[in-house]
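Undergrad: Okay, so here is work_30.cif, and as you'll see once you scroll down, it has mmCIF, C-alpha atoms and all ligand atoms.
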```cif
data_entry
#
loop_
_atom_site.label_atom_id
_atom_site.label_comp_id
_atom_site.auth_asym_id
_atom_site.auth_seq_id
_atom_site.Cartn_x
_atom_site.Cartn_y
_atom_site.Cartn_z
CA MET A 1237 107.89 101.02 102.46
CA SER A 1238 108.58 97.96 100.33
CA MET A 1239 111.54 95.85 101.41
CA TYR A 1240 112.66 96.01 97.78
CA ASP A 1241 113.76 98.94 95.66
CA LEU A 1242 111.46 98.80 92.64
CA GLU A 1243 113.17 101.82 91.03
CA GLU A 1244 109.86 103.42 90.06
CA ASP A 1245 111.37 106.78 89.05
CA GLU A 1246 113.97 105.14 86.83
CA LEU A 1247 111.26 102.96 85.23
CA VAL A 1248 109.05 105.96 84.49
CA ALA A 1249 112.04 107.77 82.93
CA GLU A 1250 112.83 104.67 80.85
CA ILE A 1251 109.23 104.43 79.58
CA MET A 1252 109.13 108.12 78.72
CA GLY A 1253 112.57 107.98 77.11
CA ARG A 1254 111.57 105.07 74.90
CA GLY A 1255 108.12 106.46 74.17
CA ALA A 1256 106.60 103.08 75.17
CA ARG A 1257 102.79 103.02 75.02
CA ARG A 1258 101.96 99.47 76.10
CA LEU A 1259 103.86 97.42 78.68
CA LEU A 1260 103.79 93.93 80.05
CA VAL A 1261 105.24 93.79 83.58
CA GLN A 1262 106.55 90.51 85.05
CA LEU A 1263 107.08 90.24 88.79
CA PRO A 1264 108.26 87.20 90.76
CA ASP A 1265 105.57 85.70 93.00
CA GLY A 1266 106.89 87.43 96.12
CA LEU A 1267 106.51 90.83 94.46
CA LYS A 1268 103.26 90.30 92.53
CA ASN A 1269 101.38 92.19 95.18
CA GLU A 1270 103.24 95.34 94.12
CA GLY A 1271 101.74 94.99 90.61
CA PRO A 1272 98.52 96.98 91.08
CA ARG A 1273 100.35 99.89 92.70
CA LEU A 1274 103.00 99.89 89.98
CA ALA A 1275 100.37 99.77 87.24
CA SER A 1276 98.52 102.80 88.67
CA LEU A 1277 101.73 104.74 89.08
CA ILE A 1278 102.95 104.01 85.55
CA ARG A 1279 99.57 104.84 83.98
CA GLU A 1280 99.32 108.08 85.91
CA LYS A 1281 102.87 109.25 85.16
CA THR A 1282 103.26 108.06 81.57
CA GLY A 1283 99.79 107.43 80.16
CA ALA A 1284 100.99 104.03 78.91
CA GLU A 1285 98.76 100.94 79.01
CA VAL A 1286 99.95 98.43 81.58
CA PHE A 1287 99.43 94.68 81.79
CA ILE A 1288 100.66 92.94 84.94
CA SER A 1289 101.50 89.32 84.23
CA ALA A 1290 99.64 86.95 86.55
CA THR A 1291 101.61 83.89 85.47
CA PRO A 1292 104.67 82.68 87.40
CA ALA A 1293 108.04 84.30 86.61
CA TRP A 1294 110.66 81.88 87.95
CA GLY A 1295 113.68 83.70 86.64
CA ALA A 1296 114.93 85.78 83.74
CA CYS A 1297 115.01 82.41 81.93
CA ASP A 1298 111.24 82.81 81.92
CA LEU A 1299 110.76 86.04 79.97
CA SER A 1300 107.19 86.43 78.67
CA LEU A 1301 108.35 87.42 75.21
CA ASP A 1302 105.60 85.57 73.35
CA ALA A 1303 102.90 87.04 75.58
CA ALA A 1304 104.34 90.52 75.10
CA ALA A 1305 104.30 90.00 71.32
CA ARG A 1306 100.68 88.80 71.39
CA LEU A 1307 99.72 91.88 73.39
CA LYS A 1308 101.61 94.06 70.90
CA ALA A 1309 103.47 95.51 73.88
CA ASP A 1310 106.39 97.75 73.04
CA LEU A 1311 108.23 97.07 76.32
CA LEU A 1312 108.59 94.08 78.63
CA VAL A 1313 109.52 95.02 82.20
CA HIS A 1314 111.02 92.12 84.14
CA TYR A 1315 111.42 92.49 87.90
CA GLY A 1316 113.50 90.45 90.31
CA HIS A 1317 116.34 89.29 88.06
CA ASN A 1318 119.00 90.71 85.82
CA GLU A 1319 119.71 89.91 82.23
CA PHE A 1320 119.94 86.18 81.51
CA LEU A 1321 120.02 85.75 77.75
CA ARG A 1322 122.04 88.46 76.09
CA ASP A 1323 120.12 88.03 72.84
CA GLY A 1324 116.90 86.80 74.39
CA SER A 1325 114.57 89.42 73.04
CA ASN A 1326 112.32 88.71 70.05
CA GLY A 1327 112.52 92.36 69.04
CA ILE A 1328 110.63 93.56 72.11
CA PRO A 1329 112.96 95.55 74.36
CA VAL A 1330 113.29 94.22 77.91
CA VAL A 1331 113.99 96.36 80.95
CA TYR A 1332 115.39 94.35 83.88
CA ILE A 1333 114.91 95.70 87.39
CA PRO A 1334 116.66 93.50 89.99
CA ALA A 1335 114.58 94.74 92.96
CA LYS A 1336 117.43 95.34 95.37
CA SER A 1337 116.65 94.07 98.82
CA ARG A 1338 116.52 96.39 101.82
CA HIS A 1339 116.82 93.46 104.26
CA GLU A 1340 119.78 93.82 106.57
CA THR A 1341 122.63 91.41 105.89
CA ILE A 1342 125.31 92.29 108.44
CA PRO A 1343 123.53 90.81 111.52
CA VAL A 1344 123.12 87.43 109.81
CA ILE A 1345 126.67 87.53 108.43
CA GLU A 1346 127.82 87.98 112.04
CA LYS A 1347 125.91 84.80 112.94
CA ALA A 1348 127.43 82.93 109.99
CA LEU A 1349 131.03 83.79 110.94
CA GLN A 1350 131.25 81.07 113.57
CA LEU A 1351 130.14 78.43 111.02
CA LEU A 1352 132.76 79.28 108.42
CA GLN A 1353 135.56 76.77 108.03
CA GLY A 1354 139.12 77.90 107.33
CA THR A 1355 140.08 81.46 106.57
CA ARG A 1356 139.76 81.57 102.77
CA ILE A 1357 136.09 82.22 102.04
CA GLY A 1358 134.28 82.29 98.71
CA VAL A 1359 131.38 84.72 99.05
CA ALA A 1360 128.43 84.80 96.67
CA THR A 1361 124.88 86.05 96.57
CA VAL A 1362 121.90 86.66 94.33
CA VAL A 1363 121.15 89.84 92.44
CA GLN A 1364 118.95 91.30 95.22
CA HIS A 1365 121.90 91.49 97.63
CA LEU A 1366 124.82 92.15 95.27
CA HIS A 1367 125.02 95.75 96.46
CA THR A 1368 125.78 94.50 100.00
CA LEU A 1369 128.90 92.52 99.02
CA PRO A 1370 131.39 95.37 99.66
CA GLU A 1371 130.08 95.69 103.23
CA THR A 1372 130.23 91.91 103.76
CA THR A 1373 133.76 91.73 102.37
CA LYS A 1374 134.85 94.54 104.66
CA LEU A 1375 133.41 92.78 107.71
CA LEU A 1376 134.99 89.43 106.86
CA GLU A 1377 138.38 90.98 106.17
CA ALA A 1378 138.23 92.90 109.44
CA ARG A 1379 137.75 89.52 111.19
CA GLY A 1380 140.81 88.02 109.50
CA PHE A 1381 139.20 86.16 106.60
CA LYS A 1382 140.45 86.32 103.06
CA VAL A 1383 137.50 86.86 100.72
CA GLN A 1384 137.24 85.69 97.17
CA LEU A 1385 134.28 86.54 94.94
CA PRO A 1386 133.37 84.23 92.06
CA GLY A 1387 133.62 85.63 88.56
CA ARG A 1388 130.75 85.74 86.11
CA GLY A 1389 129.13 82.58 84.81
CA PRO A 1390 127.28 81.93 81.57
CA TRP A 1391 124.04 83.31 83.03
CA ALA A 1392 125.14 85.06 86.21
CA HIS A 1393 126.44 88.23 84.64
CA ASP A 1394 127.93 89.93 87.70
CA SER A 1395 130.97 89.11 89.78
CA GLY A 1396 129.84 87.59 93.10
CA GLN A 1397 126.49 86.52 91.66
CA VAL A 1398 124.97 83.05 91.54
CA LEU A 1399 121.71 81.85 90.00
CA GLY A 1400 119.81 78.70 90.91
CA CYS A 1401 121.37 77.04 87.85
CA ASP A 1402 124.69 78.87 87.52
CA TYR A 1403 127.43 78.16 90.04
CA PHE A 1404 130.25 78.06 87.49
CA GLY A 1405 131.96 80.98 89.23
CA LEU A 1406 132.11 78.96 92.47
CA LYS A 1407 133.53 75.93 90.68
CA ARG A 1408 136.34 78.04 89.29
CA ILE A 1409 137.50 79.23 92.75
CA GLU A 1410 136.69 76.01 94.62
CA SER A 1411 140.33 74.94 94.97
CA GLU A 1412 141.32 78.36 96.32
CA VAL A 1413 138.86 78.59 99.23
CA ASP A 1414 138.18 76.62 102.42
CA SER A 1415 134.43 77.20 102.54
CA PHE A 1416 131.68 79.18 100.86
CA LEU A 1417 129.31 81.75 102.30
CA VAL A 1418 126.10 82.26 100.31
CA ILE A 1419 123.88 85.22 101.19
CA GLY A 1420 120.28 84.72 100.14
CA SER A 1421 117.64 82.02 100.28
CA TYR A 1422 117.97 78.31 101.07
CA PHE A 1423 117.24 77.55 97.39
CA HIS A 1424 120.32 79.38 96.16
CA ALA A 1425 122.64 78.17 98.90
CA LEU A 1426 121.51 74.57 98.42
CA GLY A 1427 122.31 74.83 94.71
CA ALA A 1428 125.78 76.06 95.66
CA SER A 1429 126.32 73.17 98.07
CA LEU A 1430 125.33 70.69 95.32
CA SER A 1431 127.79 72.27 92.93
CA VAL A 1432 130.95 72.36 95.04
CA ASP A 1433 132.62 69.92 97.39
CA LYS A 1434 133.35 72.44 100.13
CA PRO A 1435 131.37 73.39 103.25
CA THR A 1436 128.65 75.84 102.25
CA ILE A 1437 127.17 78.21 104.80
CA LEU A 1438 123.84 79.93 104.18
CA ALA A 1439 123.28 83.43 105.60
CA ASP A 1440 119.59 84.14 105.06
CA PRO A 1441 118.74 87.86 105.36
CA TYR A 1442 114.99 87.13 105.24
CA ASP A 1443 114.72 85.04 108.38
CA GLN A 1444 118.13 86.06 109.79
CA THR A 1445 119.32 82.46 110.21
CA ALA A 1446 122.70 81.00 109.36
CA ARG A 1447 123.37 77.30 108.82
CA ASN A 1448 125.79 74.82 107.37
CA LEU A 1449 124.26 72.87 104.47
CA ASP A 1450 126.60 69.85 104.55
CA GLN A 1451 123.87 67.49 105.78
CA ASP A 1452 121.35 68.74 103.22
CA ARG A 1453 123.95 68.20 100.51
CA ALA A 1454 124.65 64.64 101.67
CA ARG A 1455 120.91 63.83 101.86
CA ILE A 1456 120.19 65.10 98.36
CA ILE A 1457 123.21 63.32 96.89
CA ARG A 1458 121.91 60.05 98.39
CA GLN A 1459 118.45 60.76 96.91
CA ARG A 1460 119.90 61.52 93.51
CA TYR A 1461 122.00 58.37 93.50
CA ALA A 1462 118.87 56.34 94.27
CA MET A 1463 116.99 58.19 91.51
CA VAL A 1464 119.68 57.39 88.95
CA GLU A 1465 119.56 53.73 89.97
CA LYS A 1466 115.77 53.70 89.49
CA ALA A 1467 116.07 55.38 86.09
CA ARG A 1468 118.49 52.63 85.00
CA GLN A 1469 115.54 50.19 85.15
CA ALA A 1470 113.43 52.28 82.76
CA HIS A 1471 112.85 51.25 79.13
CA THR A 1472 110.96 54.26 77.81
CA PHE A 1473 112.03 57.83 78.61
CA GLY A 1474 110.23 61.14 78.18
CA ILE A 1475 112.73 63.96 77.62
CA ILE A 1476 111.26 67.26 78.74
CA VAL A 1477 112.05 70.40 76.73
CA SER A 1478 110.85 73.75 78.05
CA THR A 1479 109.19 76.46 75.99
CA LYS A 1480 110.73 79.10 78.29
CA PRO A 1481 113.30 81.09 76.30
CA GLY A 1482 116.15 80.62 78.78
CA GLN A 1483 115.42 76.98 79.61
CA SER A 1484 114.78 75.61 76.15
CA ASN A 1485 117.37 73.00 75.18
CA PRO A 1486 115.95 71.10 72.17
CA THR A 1487 119.38 70.24 70.75
CA ILE A 1488 120.48 68.71 74.05
CA ALA A 1489 117.21 66.77 74.18
CA MET A 1490 117.72 65.38 70.67
CA ASN A 1491 121.25 64.29 71.62
CA ILE A 1492 119.96 62.55 74.71
CA GLN A 1493 117.27 60.83 72.65
CA ARG A 1494 119.91 59.56 70.23
CA GLN A 1495 122.15 58.29 73.03
CA LEU A 1496 119.28 56.55 74.78
CA GLU A 1497 118.27 54.85 71.55
CA GLU A 1498 121.85 53.76 70.94
CA ASN A 1499 121.66 52.15 74.38
CA GLY A 1500 118.60 50.16 73.43
CA LYS A 1501 116.06 52.45 75.16
CA LYS A 1502 113.00 54.15 73.73
CA ALA A 1503 112.70 57.91 74.07
CA VAL A 1504 110.21 60.60 73.14
CA VAL A 1505 110.75 64.36 73.41
CA LEU A 1506 108.02 66.26 75.29
CA TYR A 1507 107.49 70.03 75.02
CA ALA A 1508 106.05 71.94 77.98
CA ASP A 1509 105.74 75.44 79.37
CA GLU A 1510 105.19 74.61 83.05
CA VAL A 1511 106.28 71.08 83.99
CA VAL A 1512 103.27 69.94 85.98
CA PRO A 1513 103.85 66.52 87.59
CA ASP A 1514 100.15 65.57 87.33
CA LYS A 1515 100.18 66.20 83.59
CA LEU A 1516 103.09 63.81 83.12
CA LEU A 1517 100.85 61.07 84.53
CA ASP A 1518 98.98 61.11 81.22
CA PHE A 1519 102.04 59.51 79.58
CA THR A 1520 101.36 56.09 81.03
CA ASP A 1521 103.85 54.25 78.79
CA ILE A 1522 106.78 56.38 79.90
CA ASP A 1523 108.85 54.84 82.71
CA ALA A 1524 111.14 57.80 83.56
CA PHE A 1525 111.67 61.44 82.64
CA VAL A 1526 114.73 63.47 81.72
CA ASP A 1527 114.63 67.14 82.64
CA THR A 1528 116.47 69.39 80.17
CA ALA A 1529 114.63 72.48 81.48
CA CYS A 1530 115.37 74.08 84.87
CA PRO A 1531 117.58 71.51 86.64
CA ARG A 1532 116.05 72.38 89.99
CA LEU A 1533 112.74 70.80 88.91
CA ALA A 1534 114.26 67.36 89.18
CA LEU A 1535 116.73 68.03 91.96
CA ASP A 1536 114.71 69.86 94.58
CA ASP A 1537 111.30 68.21 94.54
CA PRO A 1538 111.57 64.70 93.11
CA GLU A 1539 108.80 63.49 95.40
CA ARG A 1540 106.30 65.58 93.39
CA PHE A 1541 106.83 63.20 90.48
CA SER A 1542 105.38 59.71 90.57
CA LYS A 1543 108.07 58.34 88.26
CA PRO A 1544 111.85 58.77 88.29
CA ILE A 1545 113.08 62.09 86.91
CA VAL A 1546 116.75 62.80 86.26
CA THR A 1547 118.64 65.82 84.98
CA ARG A 1548 120.36 66.10 81.63
CA ASP A 1549 123.66 65.28 83.38
CA GLU A 1550 122.33 62.40 85.49
CA ILE A 1551 121.07 60.66 82.35
CA MET A 1552 124.73 60.40 81.29
CA VAL A 1553 125.32 58.21 84.35
CA VAL A 1554 122.18 56.21 83.57
CA ILE A 1555 123.50 55.32 80.11
CA GLY A 1556 127.03 54.71 81.38
CA ALA A 1557 128.69 57.66 79.57
CA TRP A 1558 129.84 59.14 82.91
CA THR A 1559 130.54 57.61 86.29
CA TRP A 1560 128.68 58.86 89.35
CA GLU A 1561 131.98 60.32 90.61
CA GLN A 1562 132.46 62.27 87.37
CA LEU A 1563 128.99 63.72 87.78
CA LEU A 1564 129.73 64.83 91.35
CA GLU A 1565 133.02 66.33 90.20
CA ARG A 1566 131.12 68.52 87.70
CA GLY A 1567 128.47 69.43 90.26
CA LEU A 1568 124.82 68.37 90.25
CA VAL A 1569 123.35 71.68 89.10
CA ARG A 1570 123.69 72.78 85.50
CA LEU A 1571 121.20 74.23 83.05
S1 LIG A 1601 117.35 77.99 88.42
FE1 LIG A 1601 115.70 77.49 87.03
S2 LIG A 1601 114.21 79.16 87.32
FE2 LIG A 1601 116.19 79.87 88.17
S3 LIG A 1601 117.19 80.97 86.49
FE3 LIG A 1601 117.91 78.84 86.41
S4 LIG A 1601 116.53 77.81 84.98
FE4 LIG A 1601 115.55 79.72 85.59
#
```
Just give me the structure as structure tokens.

TA:
Amino acid sequence: MSMYDLEEDELVAEIMGRGARRLLVQLPDGLKNEGPRLASLIREKTGAEVFISATPAWGACDLSLDAAARLKADLLVHYGHNEFLRDGSNGIPVVYIPAKSRHETIPVIEKALQLLQGTRIGVATVVQHLHTLPETTKLLEARGFKVQLPGRGPWAHDSGQVLGCDYFGLKRIESEVDSFLVIGSYFHALGASLSVDKPTILADPYDQTARNLDQDRARIIRQRYAMVEKARQAHTFGIIVSTKPGQSNPTIAMNIQRQLEENGKKAVVLYADEVVPDKLLDFTDIDAFVDTACPRLALDDPERFSKPIVTRDEIMVVIGAWTWEQLLERGLVRL
């Protein structure tokens, strides 16, 4: 049995109900292996034509709407995330299936309890584990903790949910909690720790480990400070705009270009689907890059890039519009 609920029966009913005849199915990398089985099942039960996308699907920011249109698909099925853009469809209906996890959470929450600081705990998770939050809350309250769930953010559409680029709900309750507990992967918990100035504890249901991310936070903040300092030396900037529907920020990029030019810098706007560090090497006259696409590109793996790369918020520090402290106050992660 898959460790994820792929809701096959519900999907078949949805396809039949809509009378869809050609589908494009997007699965995150960890679930791609389920694609062939899903395709056979859908074809057998509905008679529809099925295309399984073999390109990466990083998030619901990354809907393959253009590909679905080219295929003349009448339904895009997106696994692993919930709705991101409320009006993101280009006329092609999108069915979101979160793929609820069947991994146990309570044993790793038990491990995390001893790492929590204070008694007021902000608890958050990703869409795969949202259904486990009532059980987690019950356990924490039984052990004397007061639990607070973050409200919805601009892209995280459920209470208690975070995305790799949306921790606004945590920011709003930051002053009311002593520490945060994030259930999910290191990626999501790290993003939380970079967004709030409170101890952040990861409870990872996949490898059943719990850890405090304070040191990781401090290390990355040092790295980012050094990156901003390097970017200050640059004369020519490449501002990266993504083609992905949920990551595309051309207006922000144009504003950054204007502000850089007002500060005596040169800037060109680059347009890319996947931001491939090797491909950026072709722009030999560019000294540093500004990432207006997924903020985690710049934050998590800066060593993949041979030149400085800063986020759309960090560039404000580079040009002197914000102080470093103001940036930290807002949090490092924002799409
Ligand atoms: S963190 Fe990046 S990949 Fe994930 S939803 Fe946000 S923009 Fe998309």

Undergrad: How many Å separate CA of Gln1350 (chain A) from CA of Val1362 (chain A)?

TA: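 That distance, rounded to one decimal, is 22.1 Å.
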
Undergrad: Give me, as a PyMOL selection string, the set of residues whose atoms come within 7 Å of any atom of ligand LIG 1601 (chain A), counting only C-alpha atoms and all ligand atoms.

TA: chain A and resi 1294-1298+1399-1402+1482-1483+1529-1532+1571

Undergrad: Let me have the centre and edge lengths in Å, one decimal, of the box along x, y and z around every listed atom of region 1308-1318 of chain A with 3 Å of margin on each side, as JSON.

TA:
```
{"center_x": 110.3, "center_y": 93.5, "center_z": 80.6, "size_x": 23.4, "size_y": 14.5, "size_z": 25.4}
```

Undergrad: Between CA of Leu1352 (chain A) and CA of Arg1460 (chain A), what distance in Å does the model show, to one decimal?

TA: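 According to the coordinates, CA of Leu1352 (chain A) and CA of Arg1460 (chain A) are separated by 26.5 Å.
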
Undergrad: For a quick check of understanding, using only C-alpha atoms, which of A:Val1331, A:Leu1533, A:Ile1555, A:Arg1455 has the smallest distance to Arg1494 (chain A)?

TA: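 Closest residue, counting only C-alpha atoms: A:Ile1555.
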
Undergrad: Can you tell me which residues surround Ile1545 (chain A) at a distance of at most 9 Å, considering all atoms listed in the file, apart from same-chain residues fewer than 5 positions away, and format the answer as a list in words?

TA: Met1463, Val1464, Ala1467, Ala1524, Phe1525, Val1526, Asp1527, Leu1533, Ala1534, Leu1535 and Pro1538 of chain A

Undergrad: Kindly indicate which residue among A:Ile1409, A:Ile1437, A:Val1330, A:Val1383 lies nearest to Lys1347 (chain A), using all atoms listed in the file for the distances.

TA: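 Among the listed residues, A:Ile1437 lies closest to Lys1347 (chain A).
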
Undergrad: Would you compute the distance between CA of Glu1243 (chain A) and CA of Thr1282 (chain A)? Give it in Å to one decimal.

TA: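 Between CA of Glu1243 (chain A) and CA of Thr1282 (chain A) the gap works out to 15.1 Å.
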
Undergrad: Using all atoms listed in the file, pick whichever of A:Gly1380, A:Pro1272, A:Pro1544, A:Pro1329 has the shortest atom-to-atom distance to Ser1289 (chain A).

TA: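 Among the listed residues, A:Pro1272 lies closest to Ser1289 (chain A).
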
Undergrad: Pick out the closest residue to Ala1293 (chain A) from this set: A:Arg1447, A:His1317, A:Lys1281, A:Arg1548. Count all atoms listed in the file.

TA: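 Closest to Ala1293 (chain A), using all atoms listed in the file: A:His1317.
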
Undergrad: Identify which of the residues A:Pro1343, A:Gly1327, A:Pro1513, A:Gly1474 lies closest to Asp1302 (chain A), counting all atoms listed in the file when measuring atom-to-atom distances.

TA: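 Nearest candidate to Asp1302 (chain A) out of A:Pro1343, A:Gly1327, A:Pro1513, A:Gly1474: A:Gly1327.
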
Undergrad: Pick from A:Asp1536, A:His1367, A:Leu1311, A:Val1344: nearest to Leu1430 (chain A), with only C-alpha atoms counted?

TA: A:Asp1536

Undergrad: Skip Ala1275 (chain A) itself and residues of its chain fewer than 3 positions away, then list as a VMD selection string all residues within 9 Å of it, counting all atoms listed in the file.

TA: chain A and resid 1261 1270 to 1272 1278 to 1280 1285 to 1288

Undergrad: Mind checking which residues fall within 7 Å of Leu1506 (chain A), counting only C-alpha atoms, ignoring those fewer than 6 positions away in the same chain, and posting them as a VMD selection string?

TA: chain A and resid 1474 to 1477

Undergrad: Hey, can you spit out that residue selection with C-alpha atoms as a PDB file, in the frame of the given file?

TA:
```pdb
ATOM      1  CA  GLY A1474     110.230  61.140  78.180  1.00  0.00           C
ATOM      2  CA  ILE A1475     112.730  63.960  77.620  1.00  0.00           C
ATOM      3  CA  ILE A1476     111.260  67.260  78.740  1.00  0.00           C
ATOM      4  CA  VAL A1477     112.050  70.400  76.730  1.00  0.00           C
TER       5      VAL A1477
END
```

Undergrad: Fewer than 5 positions away in the same chain doesn't count, so skip those; otherwise give me all residues within 9 Å of Ala1304 (chain A), counting all atoms listed in the file, as a PyMOL selection string.

TA: chain A and resi 1259-1260+1309-1312+1328

Undergrad: Please check which residues have atoms at most 10 Å from (124.3, 91.2, 110.1) in the file's coordinates, counting only C-alpha atoms, and write them as number ranges by chain.

TA: A: 1339-1348, 1372, 1375, 1439-1441, 1444

Undergrad: Is there a way to complete region 1324-1345 of chain A with N, CA and C atoms and then write that out as a JSON list (two decimals), keeping the file's coordinate frame?

TA:
```
[["chain", "number", "residue", "atom", "x", "y", "z"],
["A", 1324, "GLY", "N", 118.16, 87.50, 74.14],
["A", 1324, "GLY", "CA", 116.90, 86.80, 74.39],
["A", 1324, "GLY", "C", 115.66, 87.47, 73.87],
["A", 1325, "SER", "N", 115.76, 88.69, 73.43],
["A", 1325, "SER", "CA", 114.57, 89.42, 73.04],
["A", 1325, "SER", "C", 114.13, 89.03, 71.63],
["A", 1326, "ASN", "N", 112.82, 88.97, 71.40],
["A", 1326, "ASN", "CA", 112.32, 88.71, 70.05],
["A", 1326, "ASN", "C", 111.97, 90.03, 69.37],
["A", 1327, "GLY", "N", 112.76, 91.04, 69.63],
["A", 1327, "GLY", "CA", 112.52, 92.36, 69.04],
["A", 1327, "GLY", "C", 111.84, 93.29, 70.03],
["A", 1328, "ILE", "N", 111.27, 92.71, 71.11],
["A", 1328, "ILE", "CA", 110.63, 93.56, 72.11],
["A", 1328, "ILE", "C", 111.69, 93.93, 73.15],
["A", 1329, "PRO", "N", 111.94, 95.21, 73.37],
["A", 1329, "PRO", "CA", 112.96, 95.55, 74.36],
["A", 1329, "PRO", "C", 112.55, 95.09, 75.76],
["A", 1330, "VAL", "N", 113.55, 94.69, 76.53],
["A", 1330, "VAL", "CA", 113.29, 94.22, 77.91],
["A", 1330, "VAL", "C", 114.04, 95.13, 78.88],
["A", 1331, "VAL", "N", 113.34, 95.61, 79.88],
["A", 1331, "VAL", "CA", 113.99, 96.36, 80.95],
["A", 1331, "VAL", "C", 114.03, 95.45, 82.17],
["A", 1332, "TYR", "N", 115.22, 95.19, 82.69],
["A", 1332, "TYR", "CA", 115.39, 94.35, 83.88],
["A", 1332, "TYR", "C", 115.55, 95.24, 85.09],
["A", 1333, "ILE", "N", 114.75, 94.96, 86.13],
["A", 1333, "ILE", "CA", 114.91, 95.70, 87.39],
["A", 1333, "ILE", "C", 115.13, 94.65, 88.49],
["A", 1334, "PRO", "N", 116.33, 94.59, 89.07],
["A", 1334, "PRO", "CA", 116.66, 93.50, 89.99],
["A", 1334, "PRO", "C", 115.83, 93.49, 91.28],
["A", 1335, "ALA", "N", 115.28, 94.63, 91.68],
["A", 1335, "ALA", "CA", 114.58, 94.74, 92.96],
["A", 1335, "ALA", "C", 115.55, 94.49, 94.11],
["A", 1336, "LYS", "N", 116.44, 95.45, 94.29],
["A", 1336, "LYS", "CA", 117.43, 95.34, 95.37],
["A", 1336, "LYS", "C", 116.74, 95.22, 96.71],
["A", 1337, "SER", "N", 117.26, 94.31, 97.52],
["A", 1337, "SER", "CA", 116.65, 94.07, 98.82],
["A", 1337, "SER", "C", 117.10, 95.13, 99.83],
["A", 1338, "ARG", "N", 116.16, 95.49, 100.72],
["A", 1338, "ARG", "CA", 116.52, 96.39, 101.82],
["A", 1338, "ARG", "C", 116.69, 95.59, 103.13],
["A", 1339, "HIS", "N", 116.62, 94.25, 103.04],
["A", 1339, "HIS", "CA", 116.82, 93.46, 104.26],
["A", 1339, "HIS", "C", 118.26, 93.61, 104.73],
["A", 1340, "GLU", "N", 118.43, 93.68, 106.02],
["A", 1340, "GLU", "CA", 119.78, 93.82, 106.57],
["A", 1340, "GLU", "C", 120.56, 92.53, 106.39],
["A", 1341, "THR", "N", 121.81, 92.63, 106.04],
["A", 1341, "THR", "CA", 122.63, 91.41, 105.89],
["A", 1341, "THR", "C", 123.69, 91.27, 106.99],
["A", 1342, "ILE", "N", 124.19, 92.38, 107.49],
["A", 1342, "ILE", "CA", 125.31, 92.29, 108.44],
["A", 1342, "ILE", "C", 124.97, 91.46, 109.70],
["A", 1343, "PRO", "N", 123.79, 91.63, 110.32],
["A", 1343, "PRO", "CA", 123.53, 90.81, 111.52],
["A", 1343, "PRO", "C", 123.60, 89.31, 111.24],
["A", 1344, "VAL", "N", 123.11, 88.87, 110.07],
["A", 1344, "VAL", "CA", 123.12, 87.43, 109.81],
["A", 1344, "VAL", "C", 124.52, 86.98, 109.35],
["A", 1345, "ILE", "N", 125.27, 87.87, 108.76],
["A", 1345, "ILE", "CA", 126.67, 87.53, 108.43],
["A", 1345, "ILE", "C", 127.44, 87.31, 109.74]]
```
